[in-house]
Amino acid sequence: MIAGGRVFVLPCIQKIQRIALNTLTLNVKSDRVYTRHGVPISVTGIAQVKIQGQNKEMLATACQMFMGKSEAEISTIALETLEGHQRAIIAHLTVEEIYQDRKKFSEQVFRVASSDLVNMGIGVVSYTLKDVHDDQDYLHSLGKARTAQVQKDARIGEAQYKRDSVMREAHAMQEKVSAQYKNEIEMAKAQRDYELKKAVYDVEVNTKKAESEMAYQLQVAKTKQRIEEEKMQIQVVERTQQITLQEQEIIRKEKDSTKMAPWWTCCWRNCHW
């Protein structure tokens with residue numbers, strides 16, 4: 001058993017048989033298969049299968065199953081197997097599950113078909129759901145319902161967006177007004193604090209000014225009093241000097257009169273009898 005190579009064959013003794021190892025593309029069609037809810041639909045899938053020549057066990061199994069068969073015969077066997085699994089999976093699902101979640105449906109067909117075809121030495125390379133349709137316009141109605149639901153959701157979403165937009169605008173306006181009021185309150189508080197501080201400052205300034213004026217007036221009064229006292233002292237000194245001068249003048253006059261008086265007058269003054 002040679003996979004993809006050359007071999008010498010002895011004529012009349014040995015016989016050569018070939019099996020295709022090419023990748024086969026299969027158009028898997030399932031017409032009018034009833035789903036779980038009894039709705040007939042037609043499904044078309046595209047599958048690619050290949051006899052695994054690299055795996056000796058699978059190659060041996062494929063040789064046992066398909067040796068001497070043509071590529072078309074192998075394709076037919078694989079196609080019938082895939083179509084049977086595809087029909088079985090459709091029967092267990094609803095139209096909505098097949099139509100709305102194609103990836104899940106493809107994965108199920110791929111998994112089930114792979115586990116069955118591997119026993120024939122065939123590996124499933126890929127499977128893709130190509131088309132889903134029905135003859136009773138069920139999918140069309142489903143599409144309309146889905147379209148209506150989408151439009152409804154769109155209208156609801158638009159209404160919610162407008163509502164949220166209005167709420168955001170109202171909230172932003174409220175925050176703006178609150179910030180404005182807060183700013184005005186802060187300004188009023190600052191003005192009040194300024195007025196209070198200014199009043200305290202004015203009181204201190206006026207107090208200091210009054211104290212300064214009182215101190216000045218007191219100093220003026222003290223100065224005036226000191227000047228008056230000094231004037232009085234000057235007057236006393238002057239009066240004292242005048243008295244001294246008068247006394248000196250009297251003494252001088254007495255001396256002069258003494259010198260001029262007769263001798264008996266002096267005797268009379270000096271004698272006491």
# chains A, B, ... in the order shown; residues from 1 in each chain; ligands from 1

$ residues_around --residues "region 25-42 of chain A" --least-positions-apart "2" --cutoff "7 Å" --atoms "only C-alpha atoms" --output "list in words"
Thr23, Thr44, Gly45, Ile46, Ala47, Gln48, Val49, Leu79, Leu82, Glu83, Arg87, Ile90, Ala91, His92, Leu93, Thr94, Val95, Val132, His133 and Asp134 of chain A

$ select_by_dssp --residues "region 13-229 of chain A" --states "helix (DSSP H, G or I)" --output "PyMOL selection string"
chain A and resi 56-66+71-91+95-100+102-120+138-229

$ atom_distance --atom1 "CA of Gln100 (chain A)" --atom2 "CA of Asp131 (chain A)"
12.2 Å

$ residues_around --residues "region 54-66 of chain A" --least-positions-apart "4" --cutoff "7 Å" --atoms "only C-alpha atoms" --output "PyMOL selection string"
chain A and resi 74+120-122

$ write_last_selection --atoms "N, CA and C atoms" --output "compact mmCIF listing (two decimals), in the first residue's frame"
# COMPACT_ATOMS: atom_id res chain seq x y z
N ILE A 74 -17.17 7.14 -4.87
CA ILE A 74 -16.77 7.54 -3.52
C ILE A 74 -17.50 8.83 -3.11
N MET A 120 -14.97 5.23 7.58
CA MET A 120 -14.76 4.82 6.20
C MET A 120 -13.40 5.25 5.69
N GLY A 121 -12.60 5.88 6.57
CA GLY A 121 -11.30 6.36 6.13
C GLY A 121 -11.36 7.71 5.46
N ILE A 122 -12.51 8.41 5.55
CA ILE A 122 -12.69 9.72 4.91
C ILE A 122 -12.73 10.79 6.01

$ select_by_dssp --residues "region 30-227 of chain A" --states "strand (DSSP E)" --output "list in words"
Ser30, Asp31, Arg32, Val33, Tyr34, Pro40, Ile41, Ser42, Val43, Thr44, Gly45, Ile46, Ala47, Gln48, Val49, Lys50, Ile51, Ile122, Gly123, Val124, Val125, Ser126, Tyr127, Thr128, Leu129, Lys130, Asp131, Val132 and His133 of chain A
